[in-house]
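**Q** Take a look at target02.pdb, PDB, C-alpha atoms and all ligand atoms:
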```pdb
ATOM      1  CA  MET A  37       9.573  -6.280  22.298
ATOM      2  CA  PRO A  38       6.343  -6.693  20.329
ATOM      3  CA  LEU A  39       6.134  -5.555  16.726
ATOM      4  CA  TYR A  40       2.879  -5.281  14.807
ATOM      5  CA  SER A  41       3.368  -6.727  11.344
ATOM      6  CA  ASP A  42       1.760  -8.575   8.449
ATOM      7  CA  PRO A  43       2.461 -12.344   8.174
ATOM      8  CA  ARG A  44       2.142 -12.158   4.378
ATOM      9  CA  LEU A  45       4.953  -9.635   4.108
ATOM     10  CA  LEU A  46       7.116 -11.490   6.637
ATOM     11  CA  ALA A  47       6.675 -14.603   4.501
ATOM     12  CA  ALA A  48       7.855 -12.585   1.499
ATOM     13  CA  GLY A  49      11.113 -11.898   3.328
ATOM     14  CA  ILE A  50      10.593  -8.239   4.235
ATOM     15  CA  ILE A  51      11.413  -7.262   7.820
ATOM     16  CA  HIS A  52       8.919  -4.651   8.958
ATOM     17  CA  GLY A  53       6.477  -3.571  11.615
ATOM     18  CA  THR A  54       5.170  -0.932  13.971
ATOM     19  CA  THR A  55       6.718  -0.663  17.400
ATOM     20  CA  ASP A  56       4.878  -1.037  20.674
ATOM     21  CA  ARG A  57       4.845   1.539  23.446
ATOM     22  CA  ALA A  58       7.292  -0.728  25.302
ATOM     23  CA  ALA A  59       9.971   0.155  22.737
ATOM     24  CA  GLY A  60       9.800   3.761  23.907
ATOM     25  CA  ASN A  61       9.392   7.099  22.173
ATOM     26  CA  MET A  62      10.840   6.603  18.717
ATOM     27  CA  ARG A  63      11.592  10.295  18.303
ATOM     28  CA  LEU A  64      14.596   9.569  20.522
ATOM     29  CA  ALA A  65      17.645   8.293  18.658
ATOM     30  CA  GLU A  66      18.655   6.041  21.552
ATOM     31  CA  ASN A  67      15.409   4.098  21.171
ATOM     32  CA  THR A  68      15.705   3.657  17.408
ATOM     33  CA  HIS A  69      19.345   2.545  17.866
ATOM     34  CA  THR A  70      18.243  -0.112  20.337
ATOM     35  CA  LEU A  71      15.465  -1.336  18.066
ATOM     36  CA  PHE A  72      17.590  -1.668  14.952
ATOM     37  CA  GLN A  73      20.455  -3.244  16.875
ATOM     38  CA  MET A  74      18.097  -5.876  18.255
ATOM     39  CA  LEU A  75      16.831  -6.604  14.755
ATOM     40  CA  ASP A  76      20.347  -6.607  13.297
ATOM     41  CA  ILE A  77      19.376  -3.912  10.791
ATOM     42  CA  PRO A  78      21.987  -1.295   9.781
ATOM     43  CA  GLU A  79      20.247   1.903  10.865
ATOM     44  CA  GLU A  80      22.186   4.070   8.415
ATOM     45  CA  LYS A  81      20.375   2.239   5.625
ATOM     46  CA  ILE A  82      16.928   3.108   6.954
ATOM     47  CA  LEU A  83      15.863   6.208   5.021
ATOM     48  CA  ARG A  84      14.059   8.974   6.868
ATOM     49  CA  PHE A  85      12.183  12.133   5.955
ATOM     50  CA  GLN A  86      10.508  15.077   7.613
ATOM     51  CA  GLN A  87       6.758  14.454   7.687
ATOM     52  CA  ILE A  88       4.524  17.321   6.581
ATOM     53  CA  HIS A  89       1.015  15.783   6.235
ATOM     54  CA  SER A  90       1.225  15.988   2.451
ATOM     55  CA  ASP A  91       0.750  13.631  -0.496
ATOM     56  CA  THR A  92       4.425  13.935  -1.447
ATOM     57  CA  ILE A  93       6.091  10.581  -2.125
ATOM     58  CA  VAL A  94       9.824   9.957  -2.446
ATOM     59  CA  THR A  95      10.653   7.216  -4.939
ATOM     60  CA  VAL A  96      13.891   5.262  -4.722
ATOM     61  CA  ALA A  97      14.472   2.985  -7.708
ATOM     62  CA  ASP A  98      17.804   1.380  -6.883
ATOM     63  CA  VAL A  99      20.633   1.214  -4.371
ATOM     64  CA  GLY A 100      22.403   4.167  -5.966
ATOM     65  CA  GLN A 101      19.368   6.385  -5.452
ATOM     66  CA  ALA A 102      19.008   5.128  -1.896
ATOM     67  CA  ARG A 103      22.549   6.259  -1.185
ATOM     68  CA  THR A 104      21.870   9.649  -2.778
ATOM     69  CA  VAL A 105      18.760  10.179  -0.626
ATOM     70  CA  GLN A 106      20.621   9.095   2.505
ATOM     71  CA  GLN A 107      23.446  11.557   1.870
ATOM     72  CA  GLY A 108      21.235  14.493   0.859
ATOM     73  CA  THR A 109      19.202  16.857   2.998
ATOM     74  CA  LEU A 110      16.217  15.297   4.750
ATOM     75  CA  PRO A 111      13.315  15.236   2.246
ATOM     76  CA  GLN A 112       9.942  16.705   3.223
ATOM     77  CA  ALA A 113       7.391  14.048   2.357
ATOM     78  CA  ASP A 114       4.966  11.450   3.718
ATOM     79  CA  GLY A 115       5.406   8.432   1.484
ATOM     80  CA  TRP A 116       8.216   6.163   0.348
ATOM     81  CA  VAL A 117       8.167   3.905  -2.700
ATOM     82  CA  ILE A 118      11.340   1.850  -2.692
ATOM     83  CA  SER A 119      12.084  -0.710  -5.364
ATOM     84  CA  HIS A 120      14.904  -3.136  -5.985
ATOM     85  CA  CYS A 121      16.911  -2.022  -2.965
ATOM     86  CA  PRO A 122      18.248  -5.069  -1.109
ATOM     87  CA  GLY A 123      19.932  -3.970   2.098
ATOM     88  CA  TRP A 124      17.856  -0.776   2.402
ATOM     89  CA  GLY A 125      14.652   0.326   4.053
ATOM     90  CA  ALA A 126      12.740   3.290   5.397
ATOM     91  CA  ALA A 127      10.891   4.372   8.523
ATOM     92  CA  ILE A 128       8.145   6.768   9.550
ATOM     93  CA  LEU A 129       6.805   8.071  12.865
ATOM     94  CA  THR A 130       3.174   8.035  13.959
ATOM     95  CA  ALA A 131       1.078   8.452  17.072
ATOM     96  CA  ASP A 132      -2.523   8.486  15.824
ATOM     97  CA  CYS A 133      -1.829   8.834  12.100
ATOM     98  CA  VAL A 134      -2.078   5.786   9.869
ATOM     99  CA  PRO A 135       1.043   3.809   8.962
ATOM    100  CA  LEU A 136       0.550   2.137   5.581
ATOM    101  CA  ILE A 137       2.738  -0.556   4.063
ATOM    102  CA  LEU A 138       2.192  -1.772   0.504
ATOM    103  CA  TRP A 139       4.009  -4.334  -1.591
ATOM    104  CA  ASP A 140       3.745  -6.025  -4.936
ATOM    105  CA  GLU A 141       3.581  -9.699  -5.846
ATOM    106  CA  ARG A 142       7.307 -10.306  -5.494
ATOM    107  CA  ALA A 143       7.838  -7.793  -2.690
ATOM    108  CA  GLN A 144      10.310  -5.959  -4.904
ATOM    109  CA  VAL A 145       8.401  -2.676  -4.806
ATOM    110  CA  ILE A 146       7.625  -1.581  -1.264
ATOM    111  CA  GLY A 147       5.583   1.399  -0.140
ATOM    112  CA  LEU A 148       5.513   3.017   3.289
ATOM    113  CA  ALA A 149       3.377   6.028   4.147
ATOM    114  CA  HIS A 150       2.506   8.275   7.046
ATOM    115  CA  SER A 151      -1.116   9.110   6.354
ATOM    116  CA  GLY A 152      -3.018  10.995   8.993
ATOM    117  CA  TRP A 153      -6.487  12.291   8.238
ATOM    118  CA  ARG A 154      -4.865  15.072   6.243
ATOM    119  CA  GLY A 155      -3.008  12.554   4.125
ATOM    120  CA  VAL A 156      -6.178  10.552   3.563
ATOM    121  CA  ALA A 157      -8.080  13.745   2.712
ATOM    122  CA  VAL A 158      -5.549  14.680   0.007
ATOM    123  CA  GLY A 159      -5.562  11.137  -1.407
ATOM    124  CA  LEU A 160      -2.180   9.829  -0.284
ATOM    125  CA  PRO A 161      -3.277   6.153   0.005
ATOM    126  CA  GLY A 162      -4.521   6.074  -3.592
ATOM    127  CA  LYS A 163      -1.476   7.968  -4.803
ATOM    128  CA  MET A 164       0.752   5.355  -3.159
ATOM    129  CA  VAL A 165      -0.818   2.633  -5.323
ATOM    130  CA  ARG A 166      -0.379   4.708  -8.512
ATOM    131  CA  THR A 167       3.219   5.532  -7.635
ATOM    132  CA  MET A 168       4.002   1.882  -6.978
ATOM    133  CA  ARG A 169       2.641   0.958 -10.407
ATOM    134  CA  GLN A 170       4.792   3.666 -11.985
ATOM    135  CA  ALA A 171       7.756   2.196 -10.112
ATOM    136  CA  GLY A 172       7.148  -1.182 -11.739
ATOM    137  CA  ALA A 173       4.988  -2.955  -9.172
ATOM    138  CA  GLU A 174       3.802  -6.254 -10.618
ATOM    139  CA  GLY A 175       0.663  -8.301 -10.094
ATOM    140  CA  THR A 176      -1.960  -7.601  -7.468
ATOM    141  CA  LEU A 177      -0.679  -5.392  -4.684
ATOM    142  CA  CYS A 178      -1.140  -6.050  -0.978
ATOM    143  CA  ALA A 179      -1.443  -3.533   1.836
ATOM    144  CA  TRP A 180      -1.293  -3.442   5.613
ATOM    145  CA  VAL A 181      -2.898  -0.693   7.658
ATOM    146  CA  GLY A 182      -1.079  -0.375  10.962
ATOM    147  CA  PRO A 183      -2.139   0.842  14.415
ATOM    148  CA  HIS A 184      -3.832   4.253  14.334
ATOM    149  CA  ILE A 185      -6.774   6.125  15.816
ATOM    150  CA  GLN A 186      -9.866   4.139  14.875
ATOM    151  CA  ASN A 187     -13.465   5.194  14.439
ATOM    152  CA  CYS A 188     -14.171   4.377  18.104
ATOM    153  CA  CYS A 189     -12.064   7.384  19.164
ATOM    154  CA  PHE A 190     -11.589   9.640  16.164
ATOM    155  CA  GLU A 191     -14.128  12.328  17.022
ATOM    156  CA  VAL A 192     -13.969  15.409  14.804
ATOM    157  CA  GLN A 193     -15.583  18.804  14.488
ATOM    158  CA  ASP A 194     -17.527  20.037  11.466
ATOM    159  CA  ASP A 195     -14.461  21.346   9.603
ATOM    160  CA  VAL A 196     -12.774  17.934   9.448
ATOM    161  CA  ALA A 197     -16.069  16.067   9.046
ATOM    162  CA  ALA A 198     -16.781  18.130   5.926
ATOM    163  CA  GLN A 199     -13.747  16.524   4.276
ATOM    164  CA  PHE A 200     -15.007  13.006   5.003
ATOM    165  CA  SER A 201     -18.696  13.235   4.183
ATOM    166  CA  ASN A 202     -18.965   9.572   3.154
ATOM    167  CA  TYR A 203     -17.082   8.296   6.191
ATOM    168  CA  ILE A 204     -18.806   9.974   9.133
ATOM    169  CA  GLU A 205     -20.417   7.997  11.939
ATOM    170  CA  LYS A 206     -22.758   9.826  14.304
ATOM    171  CA  ARG A 207     -22.980   8.663  17.912
ATOM    172  CA  ASN A 208     -24.424  10.626  20.830
ATOM    173  CA  ASN A 209     -24.486  13.791  18.747
ATOM    174  CA  LYS A 210     -20.771  13.425  18.057
ATOM    175  CA  LEU A 211     -19.075  12.919  14.709
ATOM    176  CA  PHE A 212     -16.485  10.196  14.176
ATOM    177  CA  VAL A 213     -14.435   9.481  11.044
ATOM    178  CA  ASN A 214     -13.873   5.973   9.704
ATOM    179  CA  LEU A 215     -10.442   6.375   8.103
ATOM    180  CA  ASN A 216     -10.220   2.651   7.294
ATOM    181  CA  GLN A 217     -13.158   2.827   4.914
ATOM    182  CA  ALA A 218     -11.764   5.933   3.216
ATOM    183  CA  ILE A 219      -8.430   4.169   2.717
ATOM    184  CA  LEU A 220     -10.096   1.003   1.398
ATOM    185  CA  ASP A 221     -12.091   3.060  -1.099
ATOM    186  CA  GLN A 222      -8.991   4.885  -2.352
ATOM    187  CA  PHE A 223      -7.174   1.587  -2.761
ATOM    188  CA  ALA A 224     -10.126  -0.013  -4.566
ATOM    189  CA  ALA A 225     -10.403   2.929  -6.945
ATOM    190  CA  GLU A 226      -6.784   2.244  -7.954
ATOM    191  CA  GLY A 227      -7.352  -1.475  -8.423
ATOM    192  CA  LEU A 228      -6.227  -2.751  -5.031
ATOM    193  CA  PRO A 229      -9.196  -4.837  -3.817
ATOM    194  CA  LYS A 230     -10.157  -4.883  -0.156
ATOM    195  CA  ASP A 231      -9.517  -8.610   0.208
ATOM    196  CA  ARG A 232      -5.813  -7.812  -0.275
ATOM    197  CA  VAL A 233      -5.807  -5.233   2.523
ATOM    198  CA  SER A 234      -5.182  -6.238   6.118
ATOM    199  CA  LEU A 235      -6.750  -3.883   8.686
ATOM    200  CA  PRO A 236      -6.097  -5.185  12.200
ATOM    201  CA  TYR A 237      -8.176  -3.208  14.683
ATOM    202  CA  TYR A 238      -5.546  -1.592  16.865
ATOM    203  CA  CYS A 239      -6.643   1.789  18.210
ATOM    204  CA  THR A 240      -3.725   3.959  19.370
ATOM    205  CA  CYS A 241      -6.041   6.265  21.285
ATOM    206  CA  GLY A 242      -8.073   3.540  22.966
ATOM    207  CA  ASP A 243      -5.215   1.226  23.957
ATOM    208  CA  LYS A 244      -2.940   3.091  26.335
ATOM    209  CA  GLU A 245      -1.092  -0.037  27.357
ATOM    210  CA  HIS A 246       0.353  -0.577  23.899
ATOM    211  CA  PHE A 247       0.377   2.711  22.004
ATOM    212  CA  PHE A 248       1.237   6.363  22.161
ATOM    213  CA  SER A 249      -1.577   8.726  21.214
ATOM    214  CA  TYR A 250      -1.373  12.450  20.654
ATOM    215  CA  ARG A 251      -5.160  12.698  20.910
ATOM    216  CA  ARG A 252      -5.199  10.994  24.300
ATOM    217  CA  ASP A 253      -2.011  12.225  25.940
ATOM    218  CA  HIS A 254      -1.091  15.437  24.075
ATOM    219  CA  THR A 255       2.542  14.423  23.951
ATOM    220  CA  LYS A 256       4.805  14.027  20.938
ATOM    221  CA  ASP A 257       5.784  10.465  21.798
ATOM    222  CA  ALA A 258       5.707   8.372  18.649
ATOM    223  CA  LEU A 259       5.706   4.825  17.345
ATOM    224  CA  LEU A 260       8.016   3.819  14.507
ATOM    225  CA  THR A 261       6.938   1.878  11.441
ATOM    226  CA  PHE A 262       9.723   0.538   9.258
ATOM    227  CA  VAL A 263      10.375  -1.719   6.276
ATOM    228  CA  TYR A 264      13.704  -3.339   5.443
ATOM    229  CA  THR A 265      14.680  -5.626   2.586
ATOM    230  CA  PRO A 266      17.529  -7.894   3.707
ATOM    231  CA  PRO A 267      20.571  -7.911   1.409
ATOM    232  CA  THR A 268      20.094 -11.628   0.867
ATOM    233  CA  LYS A 269      16.607 -11.312  -0.603
ATOM    234  CA  PRO A 270      17.020 -12.306  -4.263
ATOM    235  CA  LEU A 271      16.037  -9.864  -6.988
ATOM    236  CA  ALA A 272      13.142 -11.405  -8.890
TER     237      ALA A 272
HETATM  238 ZN    ZN A 301     -10.362   3.807  19.921
END
```
How would this structure read if it were set down as structure tokens?

**A**
Amino acid sequence: MPLYSDPRLLAAGIIHGTTDRAAGNMRLAENTHTLFQMLDIPEEKILRFQQIHSDTIVTVADVGQARTVQQGTLPQADGWVISHCPGWGAAILTADCVPLILWDERAQVIGLAHSGWRGVAVGLPGKMVRTMRQAGAEGTLCAWVGPHIQNCCFEVQDDVAAQFSNYIEKRNNKLFVNLNQAILDQFAAEGLPKDRVSLPYYCTCGDKEHFFSYRRDHTKDALLTFVYTPPTKPLA
């Protein structure tokens, strides 16, 4: 099955990606089991949380902490920053919200966030960069912005538009938000330049063949975005 991923991060040895509609609704355990079995990833080592459209980030600094998070109650959060955890990973669910993956020079500090417009509005993308630095991220960071609702389809009313005044596009008397530009600006303000950010133009709402979309279909079907550091990846 197709996975949307970043060649730079694959080259760095990190298994990751966003699933395609063909993989099924990733809210269903049977579908995540199938995916991780196919990829030969131990699913019990993929950390999960309950997403709340916040700027809350869970940091995991080593394998011991990963185990503690896995055994505890499900955190309520929208970002992961996982460092120095060979053999562990994390996953998030999205339909139209933005999946973000970030990594540092050696791919030892990995970030994964579920950032819908609410997350962008409260500054989650920028906070991810800061949190990665605090976690020891080295060198220039890289980021990948996965499939989400793009400015072609993300029409909003005045209340949401008011939170994105610099990122509104007007067409046919309708207001659309350009989340990509807002994310790029937050990254740049934290020292992550746009030439390090990959933004493939996949629109979940506009491409029914490949993606689920809450906006389009009003269902809760979701795509999964995951990151996993193989146990064999050497610690730099
Ligand atoms: Zn679209």

**Q** CA of Cys133 in chain A to CA of Cys178 in chain A: how many Å, to one decimal?

**A**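 It comes out at 19.8 Å.
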
**Q** Neighbours of ligand ZN 301 (chain A) at 7 Å or closer, counting all atoms listed in the file: which residues, as an MDAnalysis selection string?

**A** chainID A and resid 185:189 239:242

**Q** Counting all atoms listed in the file, which of A:His246, A:Arg103, A:Arg252, A:Lys230 gets nearest to Met37 in chain A?

**A** A:His246

**Q** Nearest to Asp76 in chain A: which of A:Ile51, A:Ile93, A:Leu39, A:Ala218 is it, counting all atoms listed in the file?

**A**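 Among A:Ile51, A:Ile93, A:Leu39, A:Ala218, it is A:Ile51 that comes nearest to Asp76 in chain A.
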
**Q** What is the distance, in Å and to one decimal place, between CA of Thr92 in chain A and CA of Ala171 in chain A?

**A**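 Pair CA of Thr92 in chain A / CA of Ala171 in chain A returns 15.0 Å.
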
**Q** Applying 10 Å and all atoms listed in the file, which residues near Asp98 in chain A remain after dropping the ones on its own chain fewer than 2 positions away? List them as number ranges by chain.

**A** A: 95-96, 100-103, 118-122, 124

**Q** Selection in question (the file shown): the PyMOL selection byres (((chain A and resi 262) around 7) and not hetatm). Which residues does it include, as a list in words?

**A** His52, Gly53, Thr54, Ala126, Ala127, Ile128, Leu260, Thr261, Val263 and Tyr264 of chain A

**Q** May I ask for the distance between CA of Thr104 in chain A and CA of Pro161 in chain A, given in Å to one decimal place?

**A**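 It comes out at 25.5 Å.
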
**Q** Carefully work through the PyMOL selection byres (((chain A and resi 86) around 9) and not hetatm) for this structure and note down the residues it includes, as a ChimeraX atom specification.

**A** /A:84-85,87-88,110-114,128

**Q** So, counting only C-alpha atoms, which residue among A:Phe248, A:Pro236, A:Pro43, A:Arg207 is closest to Ala59 in chain A?

**A** A:Phe248

**Q** Kindly resolve the PyMOL selection byres (((chain A and resi 148-157) around 8) and not hetatm) on the present coordinates and return the residues as number ranges by chain.

**A** A: 87, 89-91, 114-117, 126-130, 132-138, 146-147, 158-161, 164, 199-200, 215, 218-219, 262-263

**Q** Go through A:Gly108, A:Gly175, A:Gly60, A:Pro38 one by one, measure the shortest atom-to-atom distance of each to Ala258 in chain A using only C-alpha atoms, and give the residue with the smallest value.

**A** A:Gly60

**Q** Write out as a PyMOL selection string each polymer residue whose atoms come within 10 Å of Lys256 in chain A, counting all atoms listed in the file; drop sequence neighbours fewer than 3 positions from it.

**A** chain A and resi 61-63+130-131+248-250+253+259

**Q** Taking all atoms of range 140-143 of chain A that appear in the file, build a box with edges along x, y and z, extend it by 6 Å on every side, and state its centre and edge lengths in Å to one decimal, as lines of an AutoDock Vina configuration file.

**A**
```
center_x = 5.7
center_y = -8.2
center_z = -4.3
size_x = 16.3
size_y = 16.3
size_z = 15.2
```

**Q** So, with only C-alpha atoms as the atoms that count, which of A:Glu141, A:Asp42, A:Asp257, A:Asp243 lies closest to His184 in chain A?

**A**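 Between A:Glu141, A:Asp42, A:Asp257, A:Asp243, the residue approaching His184 in chain A most closely is A:Asp243.
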
**Q** Could you check which of A:Leu235, A:Ile204, A:Val213, A:Ile82 is closest to Trp180 in chain A, using only C-alpha atoms?

**A** A:Leu235
